[in-house]
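So this one's run.cif, mmCIF, C-alpha atoms:
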data_final
#
loop_
_atom_site.label_atom_id
_atom_site.label_comp_id
_atom_site.auth_asym_id
_atom_site.auth_seq_id
_atom_site.Cartn_x
_atom_site.Cartn_y
_atom_site.Cartn_z
CA MET A 44 13.24 90.93 53.67
CA SER A 45 15.05 87.56 53.33
CA ASP A 46 17.06 86.02 56.16
CA PHE A 47 20.24 86.37 54.08
CA LEU A 48 19.81 90.14 53.72
CA ILE A 49 18.97 90.52 57.40
CA LYS A 50 22.16 88.62 58.28
CA LEU A 51 24.14 91.06 56.10
CA LEU A 52 22.65 93.95 58.04
CA ILE A 53 24.29 92.78 61.29
CA PRO A 54 27.93 93.66 60.38
CA PHE A 55 26.83 96.76 58.47
CA ALA A 56 24.90 98.01 61.50
CA GLY A 57 27.97 97.51 63.68
CA LEU A 58 30.28 99.29 61.23
CA LEU A 59 27.95 102.25 60.75
CA SER A 60 27.41 102.67 64.48
CA PHE A 61 31.17 102.44 65.07
CA ALA A 62 31.88 105.09 62.44
CA ILE A 63 29.25 107.54 63.73
CA THR A 64 30.56 107.26 67.30
CA PHE A 65 34.22 107.39 66.29
CA PHE A 66 33.87 110.53 64.19
CA SER A 67 31.40 112.32 66.48
CA ILE A 68 33.38 112.08 69.72
CA PRO A 69 36.15 114.54 68.64
CA THR A 70 33.43 117.10 67.87
CA ILE A 71 31.78 116.45 71.24
CA LEU A 72 35.16 116.91 72.93
CA ARG A 73 35.64 120.30 71.25
CA VAL A 74 32.18 121.41 72.40
CA ALA A 75 32.91 120.17 75.94
CA GLU A 76 36.17 122.12 75.91
CA SER A 77 34.55 125.33 74.69
CA LYS A 78 31.63 125.08 77.16
CA ASN A 79 33.77 123.81 80.05
CA LEU A 80 31.72 120.60 80.41
CA PHE A 81 34.03 118.42 82.51
CA ALA A 82 33.79 115.98 85.40
CA GLU A 83 35.94 117.50 88.13
CA PRO A 84 38.02 115.11 90.28
CA ASN A 85 36.73 114.70 93.83
CA LYS A 86 37.04 112.29 96.77
CA ARG A 87 34.59 109.82 95.14
CA THR A 88 36.19 109.68 91.69
CA VAL A 89 39.27 107.72 90.63
CA HIS A 90 40.36 110.08 87.84
CA LYS A 91 42.84 112.83 88.70
CA THR A 92 42.18 115.24 85.83
CA ARG A 93 39.15 116.97 84.34
CA VAL A 94 37.46 114.70 81.78
CA PRO A 95 34.33 115.32 79.63
CA THR A 96 31.40 113.03 80.46
CA LEU A 97 29.46 113.32 77.20
CA GLY A 98 30.50 110.02 75.60
CA GLY A 99 26.97 108.75 76.14
CA LEU A 100 25.73 111.40 73.72
CA ALA A 101 27.72 109.79 70.88
CA ILE A 102 26.58 106.29 71.90
CA PHE A 103 22.95 107.38 72.02
CA LEU A 104 22.98 109.16 68.64
CA SER A 105 24.81 106.38 66.81
CA PHE A 106 22.65 103.61 68.29
CA LEU A 107 19.36 105.40 67.66
CA PHE A 108 20.25 106.34 64.08
CA THR A 109 21.64 102.91 63.15
CA TYR A 110 18.91 100.92 64.85
CA SER A 111 16.15 103.03 63.31
CA LEU A 112 17.74 102.61 59.89
CA PHE A 113 18.45 98.87 59.98
CA SER A 114 15.72 97.39 62.19
CA ASP A 115 12.64 95.59 60.97
CA TRP A 116 9.88 97.71 62.48
CA PHE A 117 7.25 95.09 61.77
CA SER A 118 8.93 92.23 63.68
CA PHE A 119 9.50 94.21 66.88
CA THR A 120 6.24 95.87 67.84
CA GLN A 121 7.77 97.63 70.86
CA ILE A 122 9.84 100.01 68.69
CA PRO A 123 7.26 102.87 68.81
CA PHE A 124 7.47 102.65 72.62
CA LEU A 125 11.22 101.95 72.86
CA ILE A 126 12.24 105.20 71.18
CA PRO A 127 10.30 107.60 73.48
CA ALA A 128 11.50 105.58 76.49
CA LEU A 129 15.10 105.98 75.31
CA LEU A 130 14.53 109.73 74.88
CA ILE A 131 13.52 109.97 78.54
CA ILE A 132 16.59 108.00 79.61
CA PHE A 133 18.74 110.25 77.44
CA SER A 134 17.16 113.39 78.91
CA ILE A 135 17.75 112.49 82.55
CA GLY A 136 21.25 111.21 81.74
CA ILE A 137 22.44 114.23 79.77
CA LYS A 138 21.01 116.62 82.39
CA ASP A 139 22.91 114.78 85.13
CA ASP A 140 26.11 114.87 83.08
CA ILE A 141 25.87 118.64 82.55
CA MET A 142 24.03 119.74 85.73
CA ILE A 143 23.57 117.47 88.73
CA THR A 144 20.07 115.94 88.84
CA ALA A 145 18.29 115.11 92.11
CA PRO A 146 18.25 111.32 92.74
CA MET A 147 14.45 111.23 93.06
CA ILE A 148 14.01 112.97 89.70
CA LYS A 149 16.36 110.44 88.09
CA LEU A 150 14.44 107.57 89.69
CA PHE A 151 11.10 109.01 88.54
CA GLY A 152 12.43 109.34 84.98
CA GLN A 153 13.68 105.75 85.01
CA ILE A 154 10.32 104.44 86.23
CA MET A 155 8.47 106.50 83.63
CA ALA A 156 10.72 105.25 80.80
CA ALA A 157 10.34 101.65 81.97
CA PHE A 158 6.57 101.98 82.27
CA ILE A 159 6.27 103.26 78.68
CA ILE A 160 7.79 100.12 77.20
CA VAL A 161 6.41 97.75 79.86
CA GLY A 162 2.87 99.08 80.26
CA TRP A 163 2.18 100.43 76.78
CA GLY A 164 4.69 98.39 74.78
CA ASP A 165 3.72 95.21 76.68
CA LEU A 166 7.35 94.12 77.05
CA ARG A 167 7.07 92.37 80.39
CA ILE A 168 7.79 89.22 82.37
CA THR A 169 4.79 86.92 82.00
CA SER A 170 6.32 83.69 83.31
CA PHE A 171 8.54 82.66 86.23
CA HIS A 172 9.57 79.49 84.35
CA GLY A 173 8.26 77.16 87.03
CA PHE A 174 9.89 79.03 89.93
CA PHE A 175 8.06 77.57 93.00
CA GLY A 176 5.10 76.96 90.70
CA LEU A 177 4.24 80.67 90.72
CA GLU A 178 3.05 82.74 87.78
CA PRO A 179 2.52 86.54 87.89
CA ASN A 180 -0.82 88.19 87.25
CA TYR A 181 -0.99 91.28 85.03
CA LEU A 182 -0.31 93.83 87.79
CA ALA A 183 2.51 91.78 89.31
CA SER A 184 3.99 91.28 85.84
CA ILE A 185 4.16 95.03 85.18
CA THR A 186 5.46 95.85 88.67
CA ILE A 187 8.21 93.22 88.64
CA THR A 188 9.33 94.16 85.13
CA VAL A 189 9.52 97.88 85.94
CA LEU A 190 11.54 97.11 89.09
CA LEU A 191 13.84 94.88 87.04
CA PHE A 192 14.40 97.71 84.56
CA VAL A 193 15.27 100.14 87.35
CA PHE A 194 17.61 97.61 89.00
CA ILE A 195 19.56 96.84 85.80
CA LEU A 196 19.68 100.53 84.85
CA ASN A 197 21.24 101.49 88.16
CA GLY A 198 23.47 98.41 88.17
CA PHE A 199 25.24 99.57 85.01
CA ASN A 200 25.34 103.12 86.34
CA LEU A 201 27.11 101.88 89.49
CA ILE A 202 29.81 99.83 87.73
CA ASP A 203 30.74 102.76 85.49
CA GLY A 204 33.54 103.83 87.80
CA ILE A 205 36.72 102.97 85.90
CA ASP A 206 37.79 103.07 82.27
CA GLY A 207 36.22 100.41 80.07
CA LEU A 208 34.34 98.40 82.71
CA ALA A 209 30.75 99.34 81.83
CA SER A 210 31.39 99.14 78.09
CA ILE A 211 33.12 95.73 78.12
CA THR A 212 30.50 94.32 80.50
CA GLY A 213 27.77 95.63 78.24
CA MET A 214 29.41 94.15 75.14
CA ILE A 215 29.84 90.73 76.77
CA SER A 216 26.23 90.68 77.98
CA ILE A 217 24.61 91.89 74.76
CA THR A 218 26.78 89.52 72.67
CA SER A 219 25.77 86.55 74.84
CA PHE A 220 22.07 87.23 74.36
CA SER A 221 22.57 88.03 70.68
CA ILE A 222 24.30 84.71 69.94
CA TRP A 223 21.34 82.81 71.40
CA PHE A 224 18.84 84.83 69.33
CA TYR A 225 20.93 84.31 66.17
CA ILE A 226 21.11 80.54 66.68
CA ASN A 227 17.34 80.43 67.09
CA GLY A 228 16.73 82.34 63.88
CA ASN A 229 15.81 85.72 65.38
CA TYR A 230 17.96 88.31 63.60
CA HIS A 231 16.33 91.45 64.94
CA ILE A 232 18.14 91.33 68.29
CA PRO A 233 21.56 90.70 66.66
CA VAL A 234 21.03 93.85 64.53
CA PHE A 235 19.97 95.69 67.70
CA SER A 236 23.09 94.38 69.46
CA ALA A 237 25.44 95.22 66.59
CA ALA A 238 24.28 98.85 66.65
CA LEU A 239 25.12 99.02 70.36
CA ILE A 240 28.38 97.05 70.19
CA GLY A 241 29.72 99.20 67.34
CA ALA A 242 29.09 102.35 69.39
CA LEU A 243 30.68 100.86 72.51
CA LEU A 244 33.78 99.71 70.63
CA ALA A 245 34.38 103.17 69.20
CA PHE A 246 33.73 104.80 72.58
CA SER A 247 36.14 102.37 74.28
CA TYR A 248 39.00 103.60 72.09
CA PHE A 249 38.61 107.14 73.46
CA ASN A 250 37.75 106.04 76.99
CA VAL A 251 40.55 103.50 77.48
CA PHE A 252 43.35 104.21 75.02
CA ALA A 253 43.22 107.86 73.96
CA LYS A 254 45.24 110.17 76.19
CA ARG A 255 44.53 113.61 74.76
CA GLN A 256 40.95 112.82 73.72
CA LYS A 257 39.76 110.90 76.78
CA ILE A 258 36.03 110.87 77.49
CA PHE A 259 33.61 109.16 79.90
CA MET A 260 30.20 107.75 78.93
CA GLY A 261 28.57 109.50 81.90
CA ASP A 262 25.07 108.76 83.13
CA THR A 263 23.78 109.18 79.58
CA GLY A 264 25.78 106.19 78.40
CA SER A 265 25.49 103.93 81.46
CA LEU A 266 21.73 104.41 81.83
CA LEU A 267 21.20 103.86 78.10
CA LEU A 268 23.32 100.71 78.25
CA GLY A 269 21.42 99.37 81.25
CA PHE A 270 18.05 100.11 79.66
CA LEU A 271 18.91 98.36 76.40
CA LEU A 272 20.30 95.32 78.25
CA ALA A 273 17.09 95.14 80.29
CA VAL A 274 15.05 95.15 77.05
CA VAL A 275 17.05 92.28 75.57
CA ALA A 276 17.15 90.31 78.86
CA ILE A 277 13.35 90.41 79.15
CA LYS A 278 12.93 89.45 75.48
CA PHE A 279 15.31 86.53 76.13
CA ALA A 280 13.32 85.34 79.15
CA GLU A 281 10.01 85.63 77.31
CA PHE A 282 11.27 83.78 74.21
CA ASN A 283 12.27 80.89 76.48
CA LYS A 284 8.86 80.43 78.10
CA PRO A 285 7.80 76.73 78.21
CA ILE A 286 5.00 77.48 75.74
CA HIS A 287 7.60 78.47 73.11
CA ALA A 288 9.98 75.55 73.74
CA ILE A 289 8.84 73.50 70.75
CA ASP A 290 9.83 76.28 68.32
CA LEU A 291 13.38 76.77 69.68
CA LYS A 292 16.55 75.08 68.45
CA TYR A 293 18.40 75.88 71.67
CA GLN A 294 16.05 76.21 74.64
CA MET A 295 17.00 77.72 78.01
CA THR A 296 14.91 75.86 80.58
CA SER A 297 16.31 78.03 83.38
CA ALA A 298 16.17 81.31 81.43
CA PRO A 299 15.84 83.69 84.45
CA ALA A 300 18.94 82.11 86.02
CA VAL A 301 20.79 82.39 82.70
CA VAL A 302 19.91 86.11 82.60
CA LEU A 303 21.39 86.38 86.10
CA GLY A 304 24.60 84.73 84.90
CA VAL A 305 24.90 87.00 81.88
CA LEU A 306 24.29 90.17 83.96
CA ILE A 307 26.30 88.92 86.95
CA VAL A 308 28.66 91.92 87.17
CA PRO A 309 26.11 94.74 87.68
CA VAL A 310 23.79 92.47 89.70
CA ILE A 311 26.39 91.27 92.20
CA ASP A 312 28.13 94.64 92.56
CA THR A 313 24.80 96.37 93.23
CA LEU A 314 23.69 93.75 95.76
CA ARG A 315 27.07 93.81 97.52
CA VAL A 316 27.28 97.59 97.94
CA PHE A 317 23.64 97.81 99.04
CA ILE A 318 24.24 95.14 101.70
CA PHE A 319 27.49 96.85 102.75
CA ARG A 320 25.83 100.27 103.11
CA LEU A 321 22.80 98.97 104.97
CA SER A 322 24.99 96.97 107.37
CA ARG A 323 26.63 100.27 108.38
CA GLY A 324 23.36 102.11 108.77
CA ASN A 325 23.81 104.16 105.58
CA SER A 326 21.36 104.73 102.75
CA PRO A 327 21.76 102.09 100.02
CA PHE A 328 21.79 104.99 97.52
CA ALA A 329 24.59 106.93 99.26
CA ALA A 330 27.60 107.06 96.91
CA ASP A 331 30.89 105.64 98.19
CA LYS A 332 34.07 103.92 97.00
CA ASN A 333 33.25 100.38 98.08
CA HIS A 334 32.53 98.86 94.67
CA ILE A 335 34.47 95.82 93.51
CA HIS A 336 36.56 97.90 91.10
CA HIS A 337 37.49 100.30 93.93
CA ARG A 338 38.70 97.36 96.04
CA MET A 339 40.77 96.07 93.13
CA LEU A 340 42.31 99.52 92.67
CA THR A 341 43.33 99.36 96.34
CA LEU A 342 45.11 96.07 95.57
CA GLY A 343 47.19 97.88 92.94
CA PHE A 344 45.52 96.76 89.71
CA THR A 345 45.26 99.24 86.83
CA HIS A 346 41.98 100.19 85.14
CA VAL A 347 42.72 97.99 82.13
CA GLN A 348 43.72 95.03 84.30
CA ILE A 349 40.55 95.30 86.39
CA THR A 350 38.38 95.59 83.28
CA LEU A 351 39.98 92.52 81.70
CA ILE A 352 39.78 90.45 84.90
CA ILE A 353 36.12 91.29 85.56
CA GLY A 354 35.35 90.80 81.86
CA ALA A 355 36.95 87.34 81.93
CA ILE A 356 34.95 86.43 85.05
CA ASN A 357 31.79 87.66 83.30
CA VAL A 358 32.54 85.38 80.32
CA GLY A 359 33.09 82.49 82.75
CA PHE A 360 29.65 83.03 84.29
CA VAL A 361 28.05 83.20 80.85
CA VAL A 362 29.62 79.85 79.90
CA LEU A 363 28.54 78.36 83.24
CA ALA A 364 24.96 79.62 82.87
CA PHE A 365 24.64 78.39 79.28
CA SER A 366 26.17 75.01 80.15
CA LEU A 367 23.83 74.44 83.12
CA ARG A 368 20.76 75.93 81.44
CA ASN A 369 18.67 72.83 82.29
CA LEU A 370 19.63 72.64 85.97
CA GLY A 371 16.47 74.42 87.12
CA THR A 372 15.83 78.10 87.76
CA LEU A 373 16.11 77.98 91.56
CA ARG A 374 19.19 75.75 91.75
CA LEU A 375 21.07 77.56 89.00
CA SER A 376 20.19 80.97 90.47
CA LEU A 377 21.46 79.96 93.91
CA LEU A 378 24.66 78.53 92.42
CA ILE A 379 25.34 81.68 90.38
CA LEU A 380 24.57 84.00 93.31
CA ALA A 381 26.81 81.99 95.67
CA LEU A 382 29.71 81.98 93.21
CA GLY A 383 29.12 85.64 92.33
CA MET A 384 29.16 86.78 95.96
CA SER A 385 32.28 84.70 96.59
CA CYS A 386 34.07 86.39 93.69
CA ALA A 387 32.84 89.81 94.83
CA TYR A 388 34.31 89.41 98.32
CA LEU A 389 37.70 88.10 97.17
CA PRO A 390 39.21 91.63 96.81
CA ALA A 391 38.13 92.48 100.39
CA PHE A 392 39.73 89.22 101.58
CA PHE A 393 43.04 90.02 99.89
CA ILE A 394 42.97 93.61 101.19
CA SER A 395 42.51 92.24 104.72
CA ARG A 396 45.44 89.86 104.23
CA LYS A 397 47.58 92.68 102.88
CA LYS A 398 46.80 94.87 105.90
CA LYS A 399 47.64 92.05 108.30
CA LYS A 400 50.99 91.46 106.62
CA ILE A 401 51.83 95.17 106.79
CA LEU A 402 50.84 95.25 110.46
CA GLN A 403 52.94 92.16 111.23
CA SER A 404 55.98 93.58 109.47
CA LYS A 405 55.64 96.79 111.47
CA ASN A 406 55.37 94.85 114.73
CA ASN A 407 58.37 92.69 113.84
CA SER A 408 60.46 95.75 113.01
#

Structure rendered as structure tokens:
Amino acid sequence: MSDFLIKLLIPFAGLLSFAITFFSIPTILRVAESKNLFAEPNKRTVHKTRVPTLGGLAIFLSFLFTYSLFSDWFSFTQIPFLIPALLIIFSIGIKDDIMITAPMIKLFGQIMAAFIIVGWGDLRITSFHGFFGLEPNYLASITITVLLFVFILNGFNLIDGIDGLASITGMISITSFSIWFYINGNYHIPVFSAALIGALLAFSYFNVFAKRQKIFMGDTGSLLLGFLLAVVAIKFAEFNKPIHAIDLKYQMTSAPAVVLGVLIVPVIDTLRVFIFRLSRGNSPFAADKNHIHHRMLTLGFTHVQITLIIGAINVGFVVLAFSLRNLGTLRLSLLILALGMSCAYLPAFFISRKKKKILQSKNNS
């Protein structure tokens, strides 16, 4: 297939995926209503009414159908391993959305799905890009890549706490990677991305703007999103290995640090809540309401405002990472982590200031 035809497939893939998601969600809502499949409000949730959590089903079906139809199976040899891995992710996600799944079973399913595409599909980190002069052996390569998959998967699952946040973060991240692949003449990942972005755009309409047809993506959607972003992030890092530099129009010398900048929102939020929980003697996996978006809700921001603010910050980190792509992996990673942690703790700082002002006004009165 010629490059021109492949380029035409990108918008068509996005439109088809959008249409499938947009027209399937009302049907899913009717099924959820008839079978009483709702997320009930509780002390951990921010929604006040019962809302279906099967939006991920529409995202999964539209992405899988569109990607299978439009992708070049011969240029991406991991496809035969990607599809069964996605089916495992879908299975553990949909089960958790309908019936609560034990955390260890979910973790085992995530590891198994990651191992299918890492171990058998050979999609793995094979270079540290000069980081301390280290290079992974085969076993370390598989182990690190599987752990990276699990981390990104759960990172997107954790930020899916308010309307639109996981979907807009996913769209910004996948678009950032996709632009780089497009510039360098790789059109498979842009088609892959378009199939996901189209589904997320259609889902966002129902999740953010629809009042009577509101739906959440649930674990099915957030885990799927995290898994697909992990696939593209690893492909991005591998394409930018020093051995491939001569063939690239736009090389990322500090590719691992650029990946960190693109995925800054789930990475920083996950690190912050894990540190917070461990500092209080709690399990890092114990659910709470200490995520960045929860803190911003405490400050009085709406769901849409929080999503737009965090999305804008995400774009800022992408621009920073791309601009400083030749700074060096270690230096750029430290810079991004320092700035990311600073941004993450700003809501807590303003909450503390707000409490002090309230306390002072009470004392003065």

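This file, queried with the PyMOL selection byres ((chain A and resi 269) around 9), gives the residues A:Phe192, A:Val193, A:Phe194, A:Ile195, A:Leu196, A:Asn197, A:Gly198, A:Phe199, A:Asn200, A:Gly213, A:Gly264, A:Ser265, A:Leu266, A:Leu267, A:Leu268, A:Phe270, A:Leu271, A:Leu272, A:Ala273, A:Val274.
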
For the file shown, what are the residues hit by the PyMOL selection byres ((chain A and resi 58-63) around 9), laid out as a count of residues only? 28

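Of the residues listed (A:Phe393, A:Phe113, A:Phe360, A:Tyr388), A:Phe113 shows the shortest atom-to-atom separation from His231 of chain A; distances use all atoms listed in the file.
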
Evaluating the PyMOL selection byres ((chain A and resi 311-322) around 10) on the displayed file yields which residues, as a PDB file with C-alpha atoms, in the frame of the given file?
ATOM      1  CA  PHE A 194      17.610  97.610  89.000  1.00  0.00           C
ATOM      2  CA  ILE A 195      19.560  96.840  85.800  1.00  0.00           C
ATOM      3  CA  ASN A 197      21.240 101.490  88.160  1.00  0.00           C
ATOM      4  CA  GLY A 198      23.470  98.410  88.170  1.00  0.00           C
ATOM      5  CA  PHE A 199      25.240  99.570  85.010  1.00  0.00           C
ATOM      6  CA  ASN A 200      25.340 103.120  86.340  1.00  0.00           C
ATOM      7  CA  LEU A 201      27.110 101.880  89.490  1.00  0.00           C
ATOM      8  CA  ILE A 202      29.810  99.830  87.730  1.00  0.00           C
ATOM      9  CA  LEU A 303      21.390  86.380  86.100  1.00  0.00           C
ATOM     10  CA  GLY A 304      24.600  84.730  84.900  1.00  0.00           C
ATOM     11  CA  LEU A 306      24.290  90.170  83.960  1.00  0.00           C
ATOM     12  CA  ILE A 307      26.300  88.920  86.950  1.00  0.00           C
ATOM     13  CA  VAL A 308      28.660  91.920  87.170  1.00  0.00           C
ATOM     14  CA  PRO A 309      26.110  94.740  87.680  1.00  0.00           C
ATOM     15  CA  VAL A 310      23.790  92.470  89.700  1.00  0.00           C
ATOM     16  CA  ARG A 323      26.630 100.270 108.380  1.00  0.00           C
ATOM     17  CA  GLY A 324      23.360 102.110 108.770  1.00  0.00           C
ATOM     18  CA  ASN A 325      23.810 104.160 105.580  1.00  0.00           C
ATOM     19  CA  SER A 326      21.360 104.730 102.750  1.00  0.00           C
ATOM     20  CA  PRO A 327      21.760 102.090 100.020  1.00  0.00           C
ATOM     21  CA  PHE A 328      21.790 104.990  97.520  1.00  0.00           C
ATOM     22  CA  ALA A 329      24.590 106.930  99.260  1.00  0.00           C
ATOM     23  CA  ALA A 330      27.600 107.060  96.910  1.00  0.00           C
ATOM     24  CA  ASP A 331      30.890 105.640  98.190  1.00  0.00           C
ATOM     25  CA  LYS A 332      34.070 103.920  97.000  1.00  0.00           C
ATOM     26  CA  ASN A 333      33.250 100.380  98.080  1.00  0.00           C
ATOM     27  CA  HIS A 334      32.530  98.860  94.670  1.00  0.00           C
ATOM     28  CA  ILE A 335      34.470  95.820  93.510  1.00  0.00           C
ATOM     29  CA  HIS A 336      36.560  97.900  91.100  1.00  0.00           C
ATOM     30  CA  ILE A 379      25.340  81.680  90.380  1.00  0.00           C
ATOM     31  CA  LEU A 380      24.570  84.000  93.310  1.00  0.00           C
ATOM     32  CA  ALA A 381      26.810  81.990  95.670  1.00  0.00           C
ATOM     33  CA  LEU A 382      29.710  81.980  93.210  1.00  0.00           C
ATOM     34  CA  GLY A 383      29.120  85.640  92.330  1.00  0.00           C
ATOM     35  CA  MET A 384      29.160  86.780  95.960  1.00  0.00           C
ATOM     36  CA  SER A 385      32.280  84.700  96.590  1.00  0.00           C
ATOM     37  CA  CYS A 386      34.070  86.390  93.690  1.00  0.00           C
ATOM     38  CA  ALA A 387      32.840  89.810  94.830  1.00  0.00           C
ATOM     39  CA  TYR A 388      34.310  89.410  98.320  1.00  0.00           C
TER      40      TYR A 388
END

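Here the question is which of A:Phe124, A:Phe282, A:Phe81, A:Tyr293 gets nearest to Met155 of chain A using all atoms listed in the file, and that residue is A:Phe124.
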
Could you write segment 50-67 of chain A as a PDB file, in the frame of the given file, with N, CA and C atoms rebuilt where they are missing?
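Everything below was put into result30.pdb:
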ATOM      1  N   LYS A  50      20.858  88.996  57.732  1.00  0.00           N
ATOM      2  CA  LYS A  50      22.160  88.620  58.280  1.00  0.00           C
ATOM      3  C   LYS A  50      23.250  89.600  57.846  1.00  0.00           C
ATOM      4  N   LEU A  51      23.163  90.077  56.601  1.00  0.00           N
ATOM      5  CA  LEU A  51      24.140  91.060  56.100  1.00  0.00           C
ATOM      6  C   LEU A  51      24.047  92.384  56.850  1.00  0.00           C
ATOM      7  N   LEU A  52      22.844  92.694  57.338  1.00  0.00           N
ATOM      8  CA  LEU A  52      22.650  93.950  58.040  1.00  0.00           C
ATOM      9  C   LEU A  52      23.403  93.991  59.372  1.00  0.00           C
ATOM     10  N   ILE A  53      23.658  92.823  59.962  1.00  0.00           N
ATOM     11  CA  ILE A  53      24.290  92.780  61.290  1.00  0.00           C
ATOM     12  C   ILE A  53      25.672  93.433  61.273  1.00  0.00           C
ATOM     13  N   PRO A  54      26.622  92.988  60.400  1.00  0.00           N
ATOM     14  CA  PRO A  54      27.930  93.660  60.380  1.00  0.00           C
ATOM     15  C   PRO A  54      27.845  95.103  59.899  1.00  0.00           C
ATOM     16  N   PHE A  55      26.961  95.393  58.954  1.00  0.00           N
ATOM     17  CA  PHE A  55      26.830  96.760  58.470  1.00  0.00           C
ATOM     18  C   PHE A  55      26.334  97.701  59.571  1.00  0.00           C
ATOM     19  N   ALA A  56      25.405  97.206  60.384  1.00  0.00           N
ATOM     20  CA  ALA A  56      24.900  98.010  61.500  1.00  0.00           C
ATOM     21  C   ALA A  56      26.021  98.319  62.489  1.00  0.00           C
ATOM     22  N   GLY A  57      26.848  97.308  62.769  1.00  0.00           N
ATOM     23  CA  GLY A  57      27.970  97.510  63.680  1.00  0.00           C
ATOM     24  C   GLY A  57      28.983  98.507  63.135  1.00  0.00           C
ATOM     25  N   LEU A  58      29.303  98.385  61.853  1.00  0.00           N
ATOM     26  CA  LEU A  58      30.280  99.290  61.230  1.00  0.00           C
ATOM     27  C   LEU A  58      29.776 100.722  61.185  1.00  0.00           C
ATOM     28  N   LEU A  59      28.512 100.903  60.826  1.00  0.00           N
ATOM     29  CA  LEU A  59      27.950 102.250  60.750  1.00  0.00           C
ATOM     30  C   LEU A  59      27.910 102.902  62.134  1.00  0.00           C
ATOM     31  N   SER A  60      27.476 102.143  63.122  1.00  0.00           N
ATOM     32  CA  SER A  60      27.410 102.670  64.480  1.00  0.00           C
ATOM     33  C   SER A  60      28.812 103.024  64.991  1.00  0.00           C
ATOM     34  N   PHE A  61      29.780 102.169  64.690  1.00  0.00           N
ATOM     35  CA  PHE A  61      31.170 102.440  65.070  1.00  0.00           C
ATOM     36  C   PHE A  61      31.654 103.756  64.446  1.00  0.00           C
ATOM     37  N   ALA A  62      31.398 103.912  63.160  1.00  0.00           N
ATOM     38  CA  ALA A  62      31.880 105.090  62.440  1.00  0.00           C
ATOM     39  C   ALA A  62      31.242 106.381  62.985  1.00  0.00           C
ATOM     40  N   ILE A  63      29.938 106.338  63.235  1.00  0.00           N
ATOM     41  CA  ILE A  63      29.250 107.540  63.730  1.00  0.00           C
ATOM     42  C   ILE A  63      29.826 107.943  65.085  1.00  0.00           C
ATOM     43  N   THR A  64      30.011 106.958  65.975  1.00  0.00           N
ATOM     44  CA  THR A  64      30.560 107.260  67.300  1.00  0.00           C
ATOM     45  C   THR A  64      31.996 107.751  67.204  1.00  0.00           C
ATOM     46  N   PHE A  65      32.789 107.067  66.400  1.00  0.00           N
ATOM     47  CA  PHE A  65      34.220 107.390  66.290  1.00  0.00           C
ATOM     48  C   PHE A  65      34.442 108.811  65.769  1.00  0.00           C
ATOM     49  N   PHE A  66      33.658 109.208  64.793  1.00  0.00           N
ATOM     50  CA  PHE A  66      33.870 110.530  64.190  1.00  0.00           C
ATOM     51  C   PHE A  66      33.102 111.647  64.905  1.00  0.00           C
ATOM     52  N   SER A  67      32.148 111.281  65.761  1.00  0.00           N
ATOM     53  CA  SER A  67      31.400 112.320  66.480  1.00  0.00           C
ATOM     54  C   SER A  67      32.049 112.701  67.808  1.00  0.00           C
TER      55      SER A  67
END
